[in-house]
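Next comes model35.txt, with compact mmCIF, C-alpha atoms.
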```txt
# COMPACT_ATOMS: atom_id res chain seq x y z
CA MET A 11 116.33 124.02 171.41
CA SER A 12 115.23 121.47 168.79
CA MET A 13 112.53 122.21 166.21
CA LYS A 14 109.14 120.48 166.10
CA THR A 15 109.20 116.77 165.41
CA MET A 16 108.82 116.00 161.72
CA THR A 17 107.21 112.99 160.09
CA SER A 18 109.66 110.56 158.50
CA MET A 19 108.68 111.82 155.05
CA GLU A 20 109.26 115.46 156.04
CA ARG A 21 112.60 114.54 157.62
CA VAL A 22 113.79 112.69 154.52
CA LEU A 23 112.61 115.31 152.02
CA THR A 24 114.31 118.06 154.04
CA THR A 25 117.66 116.24 154.08
CA LEU A 26 117.33 115.43 150.36
CA GLY A 27 116.95 119.18 149.82
CA HIS A 28 120.32 119.64 151.60
CA GLN A 29 118.65 121.36 154.53
CA GLU A 30 118.80 120.28 158.17
CA PRO A 31 115.63 118.53 159.43
CA ASP A 32 114.81 117.97 163.13
CA ARG A 33 117.28 115.06 163.20
CA VAL A 34 119.32 112.83 160.91
CA PRO A 35 116.98 110.32 159.20
CA LEU A 36 117.61 106.63 159.99
CA PHE A 37 117.13 103.93 157.36
CA LEU A 38 117.49 100.49 158.96
CA LEU A 39 117.36 98.40 155.79
CA LEU A 40 115.89 95.23 157.28
CA THR A 41 114.44 92.41 155.20
CA MET A 42 114.63 88.99 156.87
CA HIS A 43 114.08 90.41 160.37
CA GLY A 44 110.38 90.62 159.47
CA ALA A 45 110.27 86.81 159.48
CA LYS A 46 111.58 86.83 163.07
CA GLU A 47 108.88 89.30 164.09
CA LEU A 48 106.15 87.01 162.72
CA GLY A 49 107.73 83.72 163.88
CA LEU A 50 108.09 82.44 160.30
CA THR A 51 110.90 80.86 158.29
CA ILE A 52 112.47 83.15 155.71
CA LYS A 53 110.88 81.10 152.90
CA GLU A 54 107.41 81.28 154.49
CA TYR A 55 107.79 84.98 155.12
CA PHE A 56 108.61 85.89 151.51
CA SER A 57 105.93 83.56 150.11
CA ASN A 58 103.14 85.99 151.01
CA ALA A 59 102.79 89.74 150.40
CA GLY A 60 100.74 90.21 153.57
CA ASN A 61 103.57 88.75 155.67
CA VAL A 62 106.12 91.21 154.28
CA ALA A 63 103.78 94.19 154.63
CA GLU A 64 103.01 93.31 158.26
CA GLY A 65 106.65 92.50 159.05
CA GLN A 66 107.91 95.78 157.64
CA LEU A 67 105.30 97.85 159.46
CA ARG A 68 106.18 96.16 162.74
CA LEU A 69 109.90 96.74 162.18
CA ARG A 70 109.34 100.42 161.49
CA LYS A 71 107.35 100.84 164.70
CA LYS A 72 109.85 98.84 166.77
CA TYR A 73 112.93 100.77 165.64
CA SER A 74 111.46 104.21 164.83
CA ASN A 75 112.72 103.64 161.29
CA ASP A 76 112.35 106.49 158.80
CA CYS A 77 111.56 104.25 155.83
CA ILE A 78 109.77 101.08 154.88
CA TYR A 79 111.98 98.76 152.84
CA ALA A 80 109.93 96.80 150.32
CA PHE A 81 112.86 94.65 149.14
CA PHE A 82 112.29 90.88 149.23
CA HIS A 83 115.52 89.45 147.80
CA ALA A 84 117.71 89.85 144.70
CA PRO A 85 116.93 86.53 142.94
CA ILE A 86 113.23 87.40 142.77
CA GLU A 87 114.29 89.26 139.60
CA THR A 88 116.19 86.40 137.97
CA GLU A 89 113.28 84.10 138.90
CA ALA A 90 111.18 86.22 136.53
CA TRP A 91 113.70 85.37 133.77
CA GLY A 92 113.34 81.64 134.53
CA GLY A 93 116.06 81.28 137.17
CA GLU A 94 115.88 79.41 140.48
CA VAL A 95 115.72 80.86 144.01
CA ILE A 96 117.53 78.94 146.76
CA PHE A 97 116.33 79.67 150.30
CA HIS A 98 118.44 79.48 153.45
CA GLU A 99 117.32 79.32 157.06
CA GLU A 100 119.56 82.11 158.37
CA GLY A 101 120.49 84.25 155.39
CA PRO A 102 119.18 85.88 152.24
CA PRO A 103 117.87 83.73 149.39
CA ASN A 104 120.43 83.19 146.61
CA ALA A 105 120.11 82.82 142.85
CA GLY A 106 120.50 79.28 141.54
CA ALA A 107 122.72 78.29 138.62
CA PRO A 108 123.06 80.97 135.90
CA PHE A 109 120.52 80.54 133.11
CA ILE A 110 122.78 82.08 130.44
CA THR A 111 125.42 79.40 129.92
CA ARG A 112 126.58 80.47 126.44
CA ILE A 113 127.01 84.03 125.19
CA GLU A 114 125.06 83.16 121.99
CA GLN A 115 121.92 82.66 124.10
CA ILE A 116 121.67 86.43 124.60
CA HIS A 117 120.41 86.74 121.00
CA SER A 118 117.29 84.70 121.83
CA LEU A 119 116.56 86.11 125.31
CA LYS A 120 113.09 87.55 125.88
CA VAL A 121 112.41 90.22 128.48
CA PRO A 122 109.97 88.84 131.07
CA SER A 123 106.69 90.62 131.74
CA VAL A 124 106.51 92.09 135.24
CA LYS A 125 102.73 91.58 135.22
CA GLU A 126 103.13 87.86 134.50
CA SER A 127 105.76 87.20 137.19
CA LYS A 128 104.17 85.88 140.41
CA GLY A 129 107.21 86.88 142.47
CA LEU A 130 107.36 90.45 141.21
CA GLN A 131 103.60 90.83 141.59
CA ARG A 132 103.94 89.68 145.21
CA VAL A 133 106.36 92.58 145.82
CA CYS A 134 103.94 95.06 144.21
CA GLU A 135 101.11 93.68 146.34
CA ALA A 136 103.20 94.13 149.51
CA ILE A 137 103.99 97.74 148.51
CA SER A 138 100.27 98.45 147.93
CA LYS A 139 99.37 97.01 151.34
CA ILE A 140 102.05 99.09 153.07
CA LYS A 141 100.97 102.24 151.22
CA SER A 142 97.34 101.74 152.25
CA ARG A 143 98.46 101.55 155.90
CA ILE A 144 100.99 104.42 156.12
CA GLY A 145 100.09 106.78 153.28
CA ASP A 146 102.68 109.55 153.08
CA GLU A 147 103.92 109.22 156.66
CA ALA A 148 107.20 107.58 155.56
CA PRO A 149 108.94 106.79 152.27
CA ILE A 150 108.47 103.27 150.88
CA ILE A 151 111.66 102.12 149.17
CA GLY A 152 111.42 99.72 146.23
CA VAL A 153 114.48 97.97 144.81
CA ALA A 154 115.71 97.10 141.31
CA MET A 155 119.00 95.51 140.29
CA SER A 156 120.74 97.73 137.76
CA PRO A 157 120.81 96.42 134.17
CA PHE A 158 124.62 96.52 134.46
CA SER A 159 124.82 94.41 137.65
CA LEU A 160 121.98 91.92 137.01
CA PRO A 161 124.15 89.78 134.65
CA VAL A 162 126.22 88.53 137.62
CA MET A 163 123.14 86.47 138.54
CA GLN A 164 122.07 85.85 134.94
CA MET A 165 125.37 84.36 133.73
CA GLY A 166 127.90 84.29 136.58
CA PHE A 167 130.78 86.67 137.29
CA ASP A 168 133.48 85.14 135.06
CA LYS A 169 131.30 84.88 131.98
CA TYR A 170 129.98 88.39 132.54
CA LEU A 171 133.48 89.89 132.71
CA ASP A 172 134.32 88.07 129.46
CA LEU A 173 131.15 89.49 127.90
CA MET A 174 131.90 93.03 129.09
CA PHE A 175 135.50 93.10 127.85
CA LEU A 176 135.45 90.78 124.81
CA HIS A 177 131.95 90.74 123.28
CA PRO A 178 130.70 94.32 122.83
CA LYS A 179 127.82 93.39 120.51
CA GLU A 180 126.25 90.87 122.90
CA PHE A 181 127.06 93.07 125.90
CA ASN A 182 125.14 95.99 124.38
CA LEU A 183 122.22 93.72 123.51
CA LEU A 184 122.02 92.35 127.06
CA MET A 185 122.15 95.89 128.46
CA ARG A 186 119.21 96.94 126.26
CA LEU A 187 117.15 93.92 127.36
CA ASN A 188 118.00 94.48 131.03
CA GLU A 189 117.29 98.21 130.78
CA GLN A 190 113.82 97.49 129.42
CA PHE A 191 113.20 95.07 132.31
CA CYS A 192 114.63 97.37 135.01
CA ILE A 193 112.56 100.35 133.85
CA GLU A 194 109.32 98.32 133.72
CA TRP A 195 110.03 96.72 137.11
CA SER A 196 110.94 100.03 138.79
CA ASN A 197 107.89 101.81 137.41
CA ALA A 198 105.60 98.95 138.47
CA GLN A 199 106.81 99.37 142.07
CA LEU A 200 106.30 103.14 141.90
CA ALA A 201 102.80 102.62 140.50
CA ALA A 202 102.04 100.25 143.40
CA GLY A 203 102.94 102.98 145.90
CA ALA A 204 106.74 103.02 146.29
CA THR A 205 108.18 106.49 146.92
CA ALA A 206 111.60 105.82 145.41
CA ILE A 207 113.70 103.05 143.86
CA CYS A 208 117.02 101.82 145.21
CA TYR A 209 119.09 101.11 142.09
CA PHE A 210 121.57 98.42 143.16
CA ASP A 211 124.70 98.65 141.05
CA PRO A 212 127.68 96.93 142.75
CA VAL A 213 129.48 96.08 139.50
CA SER A 214 129.89 99.82 138.79
CA SER A 215 131.94 100.26 141.96
CA PRO A 216 135.71 100.87 141.62
CA THR A 217 135.98 97.84 143.92
CA ILE A 218 134.96 95.77 140.86
CA ILE A 219 135.91 97.68 137.69
CA PRO A 220 138.16 100.67 136.93
CA ARG A 221 136.54 104.10 136.52
CA GLU A 222 137.46 104.20 132.81
CA LYS A 223 135.43 101.04 132.19
CA TYR A 224 132.55 102.33 134.33
CA LEU A 225 132.34 105.52 132.25
CA GLU A 226 131.86 103.57 129.02
CA THR A 227 129.50 100.95 130.51
CA GLY A 228 127.67 101.19 133.86
CA TYR A 229 127.61 104.99 133.83
CA LEU A 230 125.90 105.20 130.43
CA VAL A 231 123.50 102.40 131.38
CA ALA A 232 122.61 104.28 134.60
CA LYS A 233 122.00 107.55 132.76
CA ARG A 234 119.70 105.88 130.21
CA THR A 235 117.82 103.83 132.79
CA ILE A 236 117.41 106.35 135.60
CA SER A 237 116.07 108.94 133.15
CA GLN A 238 113.12 106.60 132.44
CA ILE A 239 112.33 105.62 136.03
CA GLN A 240 109.30 107.69 136.97
CA GLY A 241 110.39 108.61 140.49
CA PRO A 242 113.51 109.39 142.54
CA THR A 243 116.33 106.86 142.74
CA ALA A 244 119.11 106.01 145.19
CA THR A 245 122.16 104.30 143.70
CA HIS A 246 123.73 101.67 145.95
CA PHE A 247 127.02 99.83 145.47
CA ALA A 248 126.31 97.16 148.13
CA SER A 249 129.46 97.73 150.24
CA GLY A 250 131.57 98.67 147.21
CA ARG A 251 133.65 101.83 147.19
CA CYS A 252 132.43 104.93 145.34
CA LEU A 253 134.78 107.81 146.26
CA GLY A 254 136.59 107.60 142.89
CA ILE A 255 133.34 107.88 140.91
CA LEU A 256 131.18 110.01 143.21
CA ASP A 257 131.48 113.04 140.92
CA ASP A 258 130.27 110.88 138.02
CA VAL A 259 127.43 109.24 139.97
CA ALA A 260 126.15 112.71 140.91
CA THR A 261 125.52 113.37 137.18
CA THR A 262 123.49 110.18 136.48
CA GLY A 263 120.23 111.69 137.76
CA THR A 264 120.21 109.79 141.05
CA ALA A 265 119.38 111.65 144.29
CA VAL A 266 121.15 109.44 146.84
CA VAL A 267 124.25 107.25 146.92
CA GLY A 268 124.81 104.31 149.31
CA VAL A 269 128.38 104.51 150.61
CA SER A 270 130.85 101.94 151.89
CA ALA A 271 132.27 101.44 155.39
CA LEU A 272 135.64 101.14 153.62
CA GLU A 273 135.71 104.87 152.88
CA GLU A 274 135.78 107.96 155.09
CA LEU A 275 132.44 109.72 155.31
CA ARG A 276 134.08 113.11 155.76
CA LYS A 277 135.82 112.84 152.36
CA LEU A 278 132.64 111.63 150.68
CA LYS A 279 130.67 114.53 152.17
CA GLU A 280 133.16 117.08 150.82
CA ILE A 281 132.38 115.90 147.26
CA ALA A 282 128.66 115.26 147.82
CA LYS A 283 127.76 118.44 149.74
CA GLY A 284 124.81 120.20 148.12
CA ARG A 285 124.81 117.79 145.16
CA ILE A 286 123.84 114.30 146.26
CA THR A 287 122.66 112.78 149.55
CA LEU A 288 124.84 110.16 151.28
CA LEU A 289 123.28 106.96 152.69
CA GLY A 290 125.45 104.89 155.01
CA ASN A 291 127.88 103.73 156.22
CA LEU A 292 127.59 101.54 159.34
CA ASN A 293 129.33 98.20 158.88
CA GLY A 294 126.55 95.59 158.79
CA VAL A 295 128.85 92.58 159.14
CA GLU A 296 130.71 93.99 162.16
CA MET A 297 127.37 95.14 163.62
CA ARG A 298 126.73 91.54 164.68
CA THR A 299 129.31 91.88 167.48
CA TRP A 300 128.89 95.54 168.49
CA SER A 301 128.59 96.44 172.16
CA GLN A 302 126.33 99.32 173.27
CA GLU A 303 129.44 101.52 173.57
CA LYS A 304 130.56 100.60 170.04
CA VAL A 305 127.10 101.44 168.65
CA GLU A 306 127.22 104.83 170.34
CA LYS A 307 130.67 105.58 168.91
CA GLU A 308 129.87 104.47 165.35
CA VAL A 309 126.59 106.40 165.19
CA ARG A 310 128.10 109.53 166.69
CA ASP A 311 131.17 109.42 164.40
CA ALA A 312 129.04 109.00 161.25
CA ILE A 313 126.76 111.91 162.18
CA GLU A 314 129.73 114.14 163.07
CA GLN A 315 131.39 113.43 159.73
CA ALA A 316 128.41 113.75 157.37
CA GLY A 317 125.41 115.24 159.19
CA SER A 318 126.13 118.93 158.82
CA GLY A 319 123.94 120.78 156.31
CA GLY A 320 121.59 117.85 155.68
CA GLY A 321 122.22 115.56 152.71
CA PHE A 322 122.85 112.55 154.98
CA ILE A 323 120.79 109.50 155.93
CA LEU A 324 122.26 107.11 158.51
CA SER A 325 122.09 103.49 157.34
CA ASP A 326 124.18 100.36 156.95
CA ASN A 327 126.80 100.14 154.20
CA HIS A 328 125.41 97.19 152.23
CA GLY A 329 121.72 97.83 151.71
CA GLU A 330 120.60 94.89 153.84
CA ILE A 331 121.33 94.29 157.51
CA PRO A 332 122.39 90.67 158.20
CA PHE A 333 119.82 88.35 159.79
CA GLN A 334 122.25 87.71 162.67
CA VAL A 335 122.25 91.33 163.92
CA GLU A 336 120.40 91.28 167.26
CA ASP A 337 117.33 93.36 168.14
CA ASP A 338 119.21 95.01 171.03
CA THR A 339 121.85 96.33 168.62
CA LEU A 340 119.21 97.72 166.27
CA LEU A 341 117.38 99.38 169.17
CA ALA A 342 120.68 100.87 170.36
CA ILE A 343 121.35 102.30 166.86
CA SER A 344 117.87 103.85 166.82
CA GLU A 345 118.30 105.38 170.29
CA ALA A 346 121.81 106.69 169.53
CA THR A 347 120.51 108.31 166.33
CA ARG A 348 117.84 110.17 168.28
CA ARG A 349 120.43 111.18 170.88
CA TRP A 350 123.20 112.40 168.56
CA GLY A 351 121.29 113.16 165.38
CA GLU A 352 119.36 116.26 166.47
CA TYR A 353 119.97 119.48 164.56
CA PRO A 354 121.77 121.71 165.31
CA PRO A 355 124.46 119.08 165.95
CA LYS A 356 125.55 118.63 169.57
```
Could you spell out this file's structure in structure tokens?
Amino acid sequence: MSMKTMTSMERVLTTLGHQEPDRVPLFLLLTMHGAKELGLTIKEYFSNAGNVAEGQLRLRKKYSNDCIYAFFHAPIETEAWGGEVIFHEEGPPNAGAPFITRIEQIHSLKVPSVKESKGLQRVCEAISKIKSRIGDEAPIIGVAMSPFSLPVMQMGFDKYLDLMFLHPKEFNLLMRLNEQFCIEWSNAQLAAGATAICYFDPVSSPTIIPREKYLETGYLVAKRTISQIQGPTATHFASGRCLGILDDVATTGTAVVGVSALEELRKLKEIAKGRITLLGNLNGVEMRTWSQEKVEKEVRDAIEQAGSGGGFILSDNHGEIPFQVEDDTLLAISEATRRWGEYPPK
């Protein structure tokens, strides 16, 4: 016999405490799908805080989602630094050309004010509107790019790798500037009503850099930054692997780790059990072609591997479900989670 139905917030807090709630929480991390719900283009949708608030609330109701995802798009951060945002009709907005073209420029960079950035203020306004509508019924998830991963958009991948390996002085300076920005931006979202911050840090993944390099760079940056974010954080590697650094990530102060479809949930759970909550790991790209039977299998397998004892939130592996994933697939994921996610496990 199942226990009484919990609110989304109760369900999530219970699993974060490594206890079993009524069922496995489901985080469908949808962004652009809100534009579909309102019949708007992606550019129109993100141009107005009210649109995003309304879109997110509708998506939560439609899919019985256990969170509200306040993320707009990654380049909204580099826009605050003076970068360009390029919109697409059927995909996430991208950052324009890098605004750091020479390493020497780092010495004259100024950290942008969150309060003076129209884009960032739009996000905070959307969070406030959502909070006023749902209160503490469900967690509202804000997003910040990690200071260690933001430079991919600021200066481009090649130049950033050169900076990281060959220019320690400028690398450390850029980290300090980005840390200041990330902390201010995260805390502004929390002040607006966000429950937690998703700390996106793909460059720290062993998919990108070796663990030894992570320990002397991204790991130290995460420890410094997360300690100054005034609320809980979830670290996400945006599809990147994390098995080789999961022990390390668990000591950065983060409560949750987003895990990749490339790794076995059972192995991740063995390391994470009782220490850090796993978020994942349904393959968002493959999800576009899933049949109802495939959805059932993937959801059931994930819950069987990681659901026991709490400490698991079912989600996609990237931190954003592609625009092309159909409503029927998302509804099937929601229904399968309710069917197979009840505690005690079936």
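Residue nearest Pro332 of chain A, chosen from A:Ile116, A:Leu39, A:Val62, A:Leu173 and counting only C-alpha atoms: A:Leu39.
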Within 12 Å of Lys46 of chain A using all atoms listed in the file, minus same-chain residues under 5 positions, as a PyMOL selection string: chain A and resi 40-41+51-56+61-62+64-66+68-69+99-100+333-337
For atom CA of Ser138 of chain A and atom CA of Glu20 of chain A, the interatomic separation in Å (one decimal):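 Distance between the two atoms: 20.9 Å.
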Who sits within 12 Å of Leu230 of chain A, all atoms listed in the file, same chain under 3 positions skipped, as a list in words: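 Everything that qualifies: Ser156, Pro157, Phe158, Asn182, Met185, Arg186, Glu189, Ser214, Glu222, Lys223, Tyr224, Leu225, Glu226, Thr227, Lys233, Arg234, Thr235, Ile236, Ser237, Asp258, Val259, Thr261, Thr262 and Gly263 of chain A.
Between Arg298 of chain A and the candidates A:Ile331, A:Ile239, A:Ile78, A:Leu275, the tightest atom-to-atom separation, counting only C-alpha atoms, involves A:Ile331.
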A:Thr24, A:Asn188, A:Gln238, A:Thr88 ranked by distance to Gly166 of chain A, top pick (using all atoms listed in the file): A:Thr88
Length of the atom CA of Thr347 of chain A to atom CA of Gln199 of chain A vector [Å]: 29.3 Å
A:Ala244, A:Met297, A:Cys208, A:Val269 ranked by distance to Leu256 of chain A, top pick (using all atoms listed in the file): A:Val269
Nearby residues (all atoms listed in the file) at most 9 Å from Ala346 of chain A, same-chain spacing under 6 positions excluded, as a ChimeraX atom specification: /A:305-307,309-310
Once N, CA and C atoms are restored for segment 135-147 of chain A, what would the output be as a tab-separated table (two decimals), in the coordinates of the input?
```
chain	number	residue	atom	x	y	z
A	135	GLU	N	102.25	93.82	145.43
A	135	GLU	CA	101.11	93.68	146.34
A	135	GLU	C	101.51	94.12	147.76
A	136	ALA	N	102.71	93.74	148.19
A	136	ALA	CA	103.20	94.13	149.51
A	136	ALA	C	103.32	95.66	149.59
A	137	ILE	N	103.86	96.28	148.53
A	137	ILE	CA	103.99	97.74	148.51
A	137	ILE	C	102.62	98.39	148.62
A	138	SER	N	101.64	97.89	147.88
A	138	SER	CA	100.27	98.45	147.93
A	138	SER	C	99.68	98.35	149.33
A	139	LYS	N	99.90	97.21	149.97
A	139	LYS	CA	99.37	97.01	151.34
A	139	LYS	C	100.03	97.98	152.32
A	140	ILE	N	101.33	98.15	152.19
A	140	ILE	CA	102.05	99.09	153.07
A	140	ILE	C	101.55	100.51	152.84
A	141	LYS	N	101.42	100.88	151.57
A	141	LYS	CA	100.97	102.24	151.22
A	141	LYS	C	99.58	102.53	151.80
A	142	SER	N	98.70	101.53	151.75
A	142	SER	CA	97.34	101.74	152.25
A	142	SER	C	97.34	101.95	153.77
A	143	ARG	N	98.38	101.43	154.44
A	143	ARG	CA	98.46	101.55	155.90
A	143	ARG	C	99.17	102.84	156.34
A	144	ILE	N	100.21	103.27	155.62
A	144	ILE	CA	100.99	104.42	156.12
A	144	ILE	C	100.85	105.69	155.28
A	145	GLY	N	100.26	105.58	154.11
A	145	GLY	CA	100.09	106.78	153.28
A	145	GLY	C	101.41	107.47	153.00
A	146	ASP	N	101.47	108.76	153.32
A	146	ASP	CA	102.68	109.55	153.08
A	146	ASP	C	103.46	109.82	154.36
A	147	GLU	N	103.24	109.02	155.38
A	147	GLU	CA	103.92	109.22	156.66
A	147	GLU	C	105.43	108.95	156.54
```
